[in-house]
file model18.csv (CSV, C-alpha atoms)
chain,number,residue,atom,x,y,z
B,1,MET,CA,13.2,19.8,32.2
B,2,ARG,CA,12.7,19.2,28.5
B,3,ARG,CA,14.3,21.8,26.3
B,4,LYS,CA,12.0,23.8,24.1
B,5,VAL,CA,12.3,23.0,20.4
B,6,THR,CA,13.2,26.1,18.4
B,7,ILE,CA,13.5,27.0,14.8
B,8,GLN,CA,17.2,27.0,15.2
B,9,SER,CA,17.2,23.5,16.6
B,10,ILE,CA,15.2,22.3,13.6
B,11,ALA,CA,17.6,24.1,11.3
B,12,ASP,CA,20.5,22.4,13.0
B,13,PHE,CA,18.8,19.0,12.7
B,14,THR,CA,18.0,19.4,9.0
B,15,GLY,CA,21.1,21.3,7.9
B,16,LEU,CA,18.8,24.1,6.5
B,17,SER,CA,18.8,27.8,7.2
B,18,LYS,CA,16.6,29.4,9.9
B,19,PHE,CA,14.9,31.3,7.1
B,20,ALA,CA,14.0,28.1,5.2
B,21,VAL,CA,12.7,26.5,8.3
B,22,SER,CA,10.6,29.5,9.3
B,23,ARG,CA,9.1,29.7,5.8
B,24,GLY,CA,8.5,25.9,5.7
B,25,LEU,CA,6.7,25.9,9.1
B,26,SER,CA,4.5,28.9,8.2
B,27,GLY,CA,3.6,27.5,4.7
B,28,LYS,CA,5.0,30.6,3.0
B,29,SER,CA,6.7,30.6,-0.4
B,30,GLY,CA,10.4,30.3,-0.8
B,31,VAL,CA,10.8,26.5,-0.1
B,32,SER,CA,9.9,23.6,-2.3
B,33,PRO,CA,7.2,21.2,-1.3
B,34,GLN,CA,9.8,18.5,-0.8
B,35,THR,CA,11.8,20.8,1.6
B,36,ARG,CA,8.7,21.8,3.5
B,37,ASP,CA,7.8,18.2,4.0
B,38,LEU,CA,11.3,17.5,5.3
B,39,ILE,CA,11.0,20.5,7.7
B,40,LEU,CA,7.6,19.4,9.0
B,41,ARG,CA,8.7,15.8,9.6
B,42,ALA,CA,11.8,16.9,11.4
B,43,ALA,CA,9.8,19.3,13.5
B,44,GLY,CA,7.4,16.5,14.4
B,45,GLN,CA,10.3,14.1,15.3
B,46,LEU,CA,11.8,16.8,17.6
B,47,GLY,CA,8.5,17.5,19.3
B,48,TYR,CA,7.9,21.0,18.0
B,49,PHE,CA,4.2,20.4,17.6
B,50,LYS,CA,3.5,18.8,21.0
B,51,ASP,CA,0.9,20.4,23.0
B,52,THR,CA,2.3,22.5,25.8
B,53,GLN,CA,-0.5,21.7,28.3
B,54,ALA,CA,-1.7,18.3,29.3
B,55,ALA,CA,-5.3,17.5,28.5
B,56,SER,CA,-7.6,17.3,31.5
B,57,VAL,CA,-9.0,13.8,32.1
B,58,PRO,CA,-12.7,13.7,32.7
B,59,THR,CA,-13.9,11.8,35.8
B,60,GLU,CA,-16.6,10.0,33.9
B,61,LEU,CA,-16.4,8.5,30.4
B,62,ILE,CA,-19.3,8.6,27.9
B,63,ASP,CA,-20.2,5.5,25.9
B,64,ILE,CA,-21.0,5.9,22.2
B,65,GLU,CA,-24.1,3.7,22.5
B,66,ALA,CA,-25.7,6.2,24.9
B,67,HIS,CA,-25.7,8.9,22.3
B,68,LYS,CA,-28.1,9.6,19.4
B,69,TRP,CA,-26.0,10.4,16.4
B,70,SER,CA,-26.4,12.7,13.4
B,71,GLY,CA,-24.1,14.8,11.3
B,72,THR,CA,-21.2,14.1,8.8
B,73,ILE,CA,-17.9,12.3,9.0
B,74,LEU,CA,-15.3,13.1,6.4
B,75,VAL,CA,-13.3,10.1,5.1
B,76,LEU,CA,-10.0,11.4,3.6
B,77,PHE,CA,-7.9,9.4,1.1
B,78,PRO,CA,-4.3,10.4,0.1
B,79,ASN,CA,-3.5,11.7,-3.3
B,80,VAL,CA,-1.8,8.4,-4.1
B,81,ARG,CA,-2.7,6.3,-7.1
B,82,TYR,CA,-3.2,2.9,-5.4
B,83,GLN,CA,-4.7,4.1,-2.2
B,84,ASN,CA,-8.4,4.4,-3.1
B,85,THR,CA,-11.8,2.7,-2.7
B,86,ASP,CA,-11.0,0.3,-5.7
B,87,SER,CA,-7.9,-1.1,-3.9
B,88,LEU,CA,-7.9,-4.7,-2.7
B,89,TYR,CA,-6.7,-3.5,0.7
B,90,TRP,CA,-8.1,0.0,1.1
B,91,GLY,CA,-11.5,-0.7,-0.5
B,92,PRO,CA,-12.7,-3.1,2.2
B,93,ILE,CA,-11.5,-0.7,4.9
B,94,PHE,CA,-13.7,2.0,3.4
B,95,ASN,CA,-16.6,-0.5,3.2
B,96,GLY,CA,-16.2,-1.1,6.9
B,97,ILE,CA,-16.3,2.7,7.6
B,98,SER,CA,-19.3,3.1,5.5
B,99,ILE,CA,-21.2,0.2,7.0
B,100,ARG,CA,-20.6,1.4,10.6
B,101,LEU,CA,-21.5,5.0,9.8
B,102,ASN,CA,-24.7,3.9,8.2
B,103,GLN,CA,-25.5,1.8,11.3
B,104,LYS,CA,-25.2,5.0,13.4
B,105,GLY,CA,-27.2,7.2,11.0
B,106,ILE,CA,-24.2,9.4,10.2
B,107,ASN,CA,-23.6,10.9,6.8
B,108,ILE,CA,-20.3,10.1,5.0
B,109,LEU,CA,-18.3,12.5,2.9
B,110,THR,CA,-15.4,11.1,0.9
B,111,LEU,CA,-12.5,13.3,-0.3
B,112,THR,CA,-9.1,12.8,-1.9
B,113,GLU,CA,-6.6,15.3,-0.4
B,114,PRO,CA,-6.0,18.2,-2.8
B,115,ALA,CA,-2.6,18.5,-4.3
B,116,ASN,CA,-2.1,22.2,-3.7
B,117,ASP,CA,-4.7,24.4,-2.0
B,118,SER,CA,-5.8,24.0,1.6
B,119,MET,CA,-8.4,21.2,1.8
B,120,PHE,CA,-10.7,23.3,3.9
B,121,SER,CA,-11.1,26.0,1.2
B,122,LEU,CA,-13.2,23.3,-0.6
B,123,LEU,CA,-15.6,22.6,2.3
B,124,ASN,CA,-17.1,24.0,5.5
B,125,PRO,CA,-15.1,22.5,8.4
B,126,GLU,CA,-17.8,23.5,10.9
B,127,ALA,CA,-20.2,21.0,9.2
B,128,ILE,CA,-17.8,18.1,9.9
B,129,MET,CA,-18.0,16.1,13.1
B,130,GLY,CA,-14.7,14.4,12.6
B,131,ILE,CA,-12.2,13.1,10.0
B,132,ILE,CA,-11.1,9.5,9.4
B,133,THR,CA,-7.9,9.4,7.3
B,134,VAL,CA,-7.2,6.2,5.3
B,135,GLY,CA,-3.6,5.7,4.4
B,136,SER,CA,-0.7,8.1,4.1
B,137,ILE,CA,-2.0,11.6,4.3
B,138,SER,CA,0.5,14.4,3.8
B,139,THR,CA,1.9,16.3,6.8
B,140,PRO,CA,0.6,19.8,5.7
B,141,VAL,CA,-3.0,18.5,5.4
B,142,LEU,CA,-2.7,16.9,8.8
B,143,LEU,CA,-1.5,20.2,10.3
B,144,ASP,CA,-4.5,21.9,8.6
B,145,ILE,CA,-6.8,19.5,10.6
B,146,LYS,CA,-4.8,20.1,13.8
B,147,ARG,CA,-5.2,23.9,13.4
B,148,LEU,CA,-8.9,23.6,13.1
B,149,GLY,CA,-9.2,21.3,16.1
B,150,ILE,CA,-11.3,18.7,14.2
B,151,PRO,CA,-11.2,15.3,15.9
B,152,ALA,CA,-9.3,12.8,13.7
B,153,VAL,CA,-8.6,9.1,13.6
B,154,MET,CA,-5.9,7.7,11.3
B,155,VAL,CA,-6.2,4.2,9.8
B,156,ASP,CA,-2.8,2.5,9.1
B,157,HIS,CA,-0.7,5.7,9.3
B,158,PHE,CA,1.5,7.5,11.7
B,159,ASP,CA,3.0,11.0,11.6
B,160,PRO,CA,5.1,12.5,14.4
B,161,SER,CA,3.8,16.0,13.6
B,162,PHE,CA,0.2,15.0,14.3
B,163,HIS,CA,-1.0,13.2,17.4
B,164,CYS,CA,-4.4,11.5,17.3
B,165,ASP,CA,-6.1,8.1,17.7
B,166,SER,CA,-5.0,5.4,15.2
B,167,ILE,CA,-6.1,1.9,14.2
B,168,PHE,CA,-3.6,-0.6,13.0
B,169,THR,CA,-3.2,-4.3,12.4
B,170,ASP,CA,-0.8,-5.9,14.9
B,171,ASN,CA,1.9,-5.9,12.2
B,172,LEU,CA,4.9,-6.7,14.4
B,173,SER,CA,3.4,-9.7,16.1
B,174,SER,CA,2.0,-11.1,12.9
B,175,MET,CA,5.3,-10.8,11.1
B,176,ARG,CA,7.2,-12.4,14.0
B,177,GLU,CA,4.7,-15.4,13.8
B,178,ILE,CA,5.4,-15.7,10.1
B,179,MET,CA,9.2,-15.6,10.6
B,180,ASN,CA,9.2,-18.1,13.4
B,181,ALA,CA,7.2,-20.5,11.2
B,182,VAL,CA,9.7,-20.1,8.3
B,183,ILE,CA,12.8,-20.2,10.5
B,184,THR,CA,11.8,-23.5,12.1
B,185,LYS,CA,11.9,-25.0,8.6
B,186,GLY,CA,15.6,-24.4,8.5
B,187,TYR,CA,15.9,-21.4,6.1
B,188,LYS,CA,19.0,-19.2,6.8
B,189,SER,CA,19.0,-16.6,4.0
B,190,TYR,CA,16.4,-13.8,3.9
B,191,GLN,CA,15.6,-10.5,2.2
B,192,PHE,CA,12.9,-8.1,3.1
B,193,LEU,CA,11.0,-6.5,0.2
B,194,GLY,CA,9.2,-3.2,0.5
B,195,ASN,CA,9.8,0.5,1.2
B,196,ILE,CA,9.7,0.8,5.0
B,197,ARG,CA,9.5,4.6,4.6
B,198,ASP,CA,6.3,4.3,2.6
B,199,ALA,CA,4.0,3.3,5.4
B,200,GLN,CA,4.2,2.8,9.2
B,201,SER,CA,2.8,-0.7,8.7
B,202,PHE,CA,5.7,-1.7,6.4
B,203,TYR,CA,8.1,-0.3,9.0
B,204,GLU,CA,6.5,-2.4,11.8
B,205,ARG,CA,6.6,-5.5,9.6
B,206,TYR,CA,10.3,-4.9,9.0
B,207,LEU,CA,10.9,-4.6,12.7
B,208,GLY,CA,9.1,-8.0,13.2
B,209,PHE,CA,11.2,-9.5,10.5
B,210,ARG,CA,14.5,-8.2,11.9
B,211,SER,CA,13.8,-9.0,15.5
B,212,ALA,CA,12.9,-12.6,14.7
B,213,LEU,CA,16.2,-13.0,12.9
B,214,GLU,CA,18.0,-11.6,15.9
B,215,ASP,CA,16.2,-13.9,18.3
B,216,HIS,CA,17.4,-16.9,16.3
B,217,ASP,CA,21.0,-15.6,15.8
B,218,ILE,CA,20.5,-15.4,12.0
B,219,GLU,CA,22.7,-12.7,10.4
B,220,LEU,CA,20.8,-10.0,8.6
B,221,LYS,CA,22.4,-9.4,5.2
B,222,GLN,CA,19.7,-7.0,3.9
B,223,ILE,CA,20.2,-5.4,0.5
B,224,PRO,CA,19.4,-1.7,1.3
B,225,SER,CA,17.7,-0.9,-2.1
B,226,LEU,CA,15.1,-3.6,-1.5
B,227,MET,CA,13.8,-1.9,1.6
B,228,GLY,CA,14.3,1.7,0.7
B,229,PRO,CA,12.6,4.2,-1.6
B,230,GLU,CA,14.5,2.7,-4.6
B,231,ILE,CA,12.1,-0.3,-4.5
B,232,ASP,CA,9.2,2.0,-5.6
B,233,ASN,CA,10.8,1.6,-9.0
B,234,PHE,CA,10.3,-2.1,-8.5
B,235,HIS,CA,11.2,-3.8,-11.8
B,236,ASP,CA,14.6,-2.1,-12.3
B,237,THR,CA,15.6,-2.2,-8.6
B,238,PHE,CA,14.6,-5.8,-8.0
B,239,LYS,CA,16.2,-7.0,-11.2
B,240,ALA,CA,19.5,-5.2,-10.4
B,241,ALA,CA,19.6,-6.6,-6.9
B,242,VAL,CA,19.0,-10.3,-7.9
B,243,LEU,CA,21.4,-10.1,-10.8
B,244,GLU,CA,24.1,-8.7,-8.6
B,245,HIS,CA,23.5,-10.6,-5.3
B,246,GLY,CA,21.6,-13.7,-6.4
B,247,LEU,CA,18.5,-15.1,-4.7
B,248,PRO,CA,18.0,-15.7,-1.0
B,249,GLU,CA,16.1,-18.7,0.3
B,250,VAL,CA,13.2,-16.5,1.4
B,251,PHE,CA,11.8,-13.2,0.2
B,252,VAL,CA,9.8,-11.7,3.1
B,253,CYS,CA,7.5,-9.2,1.4
B,254,ALA,CA,5.7,-6.2,3.0
B,255,ASN,CA,2.5,-7.4,1.4
B,256,ASP,CA,1.0,-9.8,-1.1
B,257,ILE,CA,1.1,-7.3,-4.0
B,258,ILE,CA,4.9,-6.9,-3.6
B,259,ALA,CA,5.4,-10.7,-3.5
B,260,PHE,CA,3.3,-11.0,-6.7
B,261,PHE,CA,5.4,-8.2,-8.4
B,262,ALA,CA,8.6,-10.1,-7.4
B,263,MET,CA,7.4,-13.3,-8.9
B,264,GLU,CA,6.3,-11.6,-12.1
B,265,THR,CA,9.6,-9.7,-12.4
B,266,LEU,CA,11.6,-13.0,-12.1
B,267,LYS,CA,9.5,-14.4,-14.9
B,268,HIS,CA,9.9,-11.2,-17.0
B,269,ILE,CA,13.7,-11.3,-16.9
B,270,GLY,CA,13.8,-15.0,-17.7
B,271,MET,CA,14.9,-16.2,-14.3
B,272,ALA,CA,13.3,-19.5,-13.3
B,273,ILE,CA,11.8,-19.5,-9.8
B,274,PRO,CA,13.6,-22.3,-8.0
B,275,ASP,CA,11.4,-24.9,-6.2
B,276,ASN,CA,13.2,-24.0,-2.9
B,277,LEU,CA,12.6,-20.2,-3.2
B,278,VAL,CA,10.0,-19.1,-0.7
B,279,PHE,CA,7.8,-16.0,-0.8
B,280,THR,CA,5.8,-14.7,2.2
B,281,GLY,CA,3.2,-12.0,1.9
B,282,PHE,CA,0.9,-9.9,4.1
B,283,ASP,CA,-2.8,-8.7,3.9
B,284,ASN,CA,-4.1,-11.8,2.0
B,285,THR,CA,-5.1,-9.9,-1.1
B,286,HIS,CA,-4.0,-12.6,-3.5
B,287,PRO,CA,-5.2,-15.9,-1.9
B,288,GLN,CA,-4.9,-17.6,-5.3
B,289,ILE,CA,-1.1,-17.4,-5.2
B,290,PRO,CA,0.6,-20.0,-3.1
B,291,PHE,CA,2.8,-17.9,-0.9
B,292,ALA,CA,4.4,-19.9,2.0
B,293,ALA,CA,2.7,-17.6,4.4
B,294,THR,CA,0.5,-14.5,4.5
B,295,VAL,CA,-1.7,-12.6,7.0
B,296,ASN,CA,-5.4,-12.4,6.7
B,297,VAL,CA,-6.2,-8.8,7.8
B,298,ASP,CA,-9.8,-8.2,8.7
B,299,LYS,CA,-9.9,-5.0,6.6
B,300,GLU,CA,-13.6,-4.2,7.2
B,301,LEU,CA,-13.1,-4.5,10.9
B,302,LEU,CA,-10.3,-1.9,10.7
B,303,GLY,CA,-12.8,0.5,9.2
B,304,LYS,CA,-15.6,-0.2,11.7
B,305,ARG,CA,-13.3,0.2,14.7
B,306,ALA,CA,-12.0,3.5,13.2
B,307,VAL,CA,-15.6,4.8,13.3
B,308,ASP,CA,-16.1,3.6,16.9
B,309,GLN,CA,-12.9,5.3,18.0
B,310,MET,CA,-14.0,8.5,16.2
B,311,LEU,CA,-17.3,8.6,18.1
B,312,TRP,CA,-15.5,7.8,21.3
B,313,ARG,CA,-13.2,10.8,20.7
B,314,ILE,CA,-16.1,13.1,20.0
B,315,LEU,CA,-17.7,12.3,23.3
B,316,ASN,CA,-14.5,12.1,25.3
B,317,PRO,CA,-12.2,14.8,23.9
B,318,GLY,CA,-10.1,15.1,27.0
B,319,THR,CA,-8.9,11.5,27.2
B,320,SER,CA,-5.4,10.4,26.1
B,321,TYR,CA,-5.0,9.4,22.5
B,322,GLU,CA,-5.2,5.6,21.8
B,323,LYS,CA,-3.5,3.3,19.3
B,324,THR,CA,-5.7,0.3,18.7
B,325,LEU,CA,-4.0,-2.9,17.4
B,326,ILE,CA,-6.3,-5.6,15.8
B,327,GLN,CA,-4.9,-9.1,15.8
B,328,ALA,CA,-4.8,-10.8,12.4
B,329,GLU,CA,-4.9,-14.4,11.3
B,330,VAL,CA,-1.5,-15.7,10.2
B,331,ILE,CA,-1.9,-18.3,7.4
B,332,ILE,CA,1.0,-20.8,7.1
B,333,ARG,CA,0.9,-23.0,4.0
B,334,ASN,CA,3.0,-26.2,3.3
call {"tool": "encode", "arguments": {"input": "model18.csv", "output": "structure tokens"}}
result
Amino acid sequence: MRRKVTIQSIADFTGLSKFAVSRGLSGKSGVSPQTRDLILRAAGQLGYFKDTQAASVPTELIDIEAHKWSGTILVLFPNVRYQNTDSLYWGPIFNGISIRLNQKGINILTLTEPANDSMFSLLNPEAIMGIITVGSISTPVLLDIKRLGIPAVMVDHFDPSFHCDSIFTDNLSSMREIMNAVITKGYKSYQFLGNIRDAQSFYERYLGFRSALEDHDIELKQIPSLMGPEIDNFHDTFKAAVLEHGLPEVFVCANDIIAFFAMETLKHIGMAIPDNLVFTGFDNTHPQIPFAATVNVDKELLGKRAVDQMLWRILNPGTSYEKTLIQAEVIIRN
């Protein structure tokens, strides 16, 4: 039988006191926002928030096309500078959500998560049919949604503290396809670029990168700072890494934007980009830049499928949560 996760077990896992863990879980004062986030994530990893009773599975499923829709869906963006409707990546996802909701005659309410107060002090949760989160929403806000029992679908995000339906690109398979194409050209030296703790998609792309190297018996000599939180300070971290370790044959980047930043940083520090240095990207947000490979993610489709999954969840609340993977087009260039 699975052991019950207690406050003491969370304290042991984090190295914090029971007092701090208790305050963090209840949202009371006495712990910093950073410590509370650490506590909530640890609790989620240990299974503290898992439902104690299994959901009953209905005998008959209801199709979304058989229902006449009305009401409001909240689309929630994180309080992060580059994750908004103007983004080359997130903007088309929002467009897909908006198009699909309009097709169904459902109202759309857009909100950026508040920095401090409870989100639902700003609006009436009873007027919301469901919530679609776009990007990396903070754990405390997700737990607010869970406490209110509002159906939710997450686009491109995972949090062990909050179980719900999610929509992702098939990151791992797409990255493995890129890697296999590059490896067959004979390259042996690789570095991954991107903070794998920043997004679940980045982590999955790193797993695809690493597993492809293992499959081809290529030793991974990853510079930790290029895949950790240090790379968020991109210019200084990237510059220090290449000056100390030199250049690999291939920079495998978590997305096109990071690949573009890497190229610009090399130019800024006066380091010529060798003809045999290869960059790969992901998301196809910079098609004008000749990366050796990238992945064309159908961003609008991610948004549309998130709406479909939300409507399915509203009609079929007792079914198991689903993670939908949407295949993407891998673009290999000469």
call {"tool": "atom_distance", "arguments": {"input": "model18.csv", "atom1": "CA of Asn102 (chain B)", "atom2": "CA of Gly149 (chain B)"}}
result
24.6 Å
call {"tool": "closest_residue", "arguments": {"input": "model18.csv", "among": "B:Ile128, B:Leu38, B:Leu315, B:Ala212", "to": "Ser174 (chain B)", "atoms": "only C-alpha atoms"}}
result
B:Ala212
call {"tool": "closest_residue", "arguments": {"input": "model18.csv", "among": "B:Leu266, B:Ala254, B:Leu325, B:Met310", "to": "Leu101 (chain B)", "atoms": "all atoms listed in the file"}}
result
B:Met310
call {"tool": "residues_near_point", "arguments": {"input": "model18.csv", "point": "(10.4, 22.2, 6.7)", "cutoff": "7 Å", "atoms": "only C-alpha atoms", "output": "list of chain:residue names"}}
result
B:Val21, B:Gly24, B:Leu25, B:Thr35, B:Arg36, B:Asp37, B:Leu38, B:Ile39, B:Leu40
call {"tool": "residues_around", "arguments": {"input": "model18.csv", "residues": "region 227-230 of chain B", "least_positions_apart": "3", "cutoff": "9 Å", "atoms": "all atoms listed in the file", "output": "PyMOL selection string"}}
result
chain B and resi 191-198+206+222-224+233-234+237
call {"tool": "residues_around", "arguments": {"input": "model18.csv", "residues": "Met154 (chain B)", "least_positions_apart": "4", "cutoff": "12 Å", "atoms": "all atoms listed in the file", "output": "ChimeraX atom specification"}}
result
/B:74-78,93,130-138,142,145,158-159,162-168,200,302-303,305-307,309-310,321-324
call {"tool": "residues_around", "arguments": {"input": "model18.csv", "residues": "Tyr187 (chain B)", "least_positions_apart": "5", "cutoff": "10 Å", "atoms": "only C-alpha atoms", "output": "list in words"}}
result
Met179, Val182, Ile218, Pro248, Glu249, Val250, Asn276, Leu277 and Val278 of chain B
call {"tool": "closest_residue", "arguments": {"input": "model18.csv", "among": "B:Val141, B:Ala43, B:Ile10, B:Ala293", "to": "Pro160 (chain B)", "atoms": "all atoms listed in the file"}}
result
B:Ala43
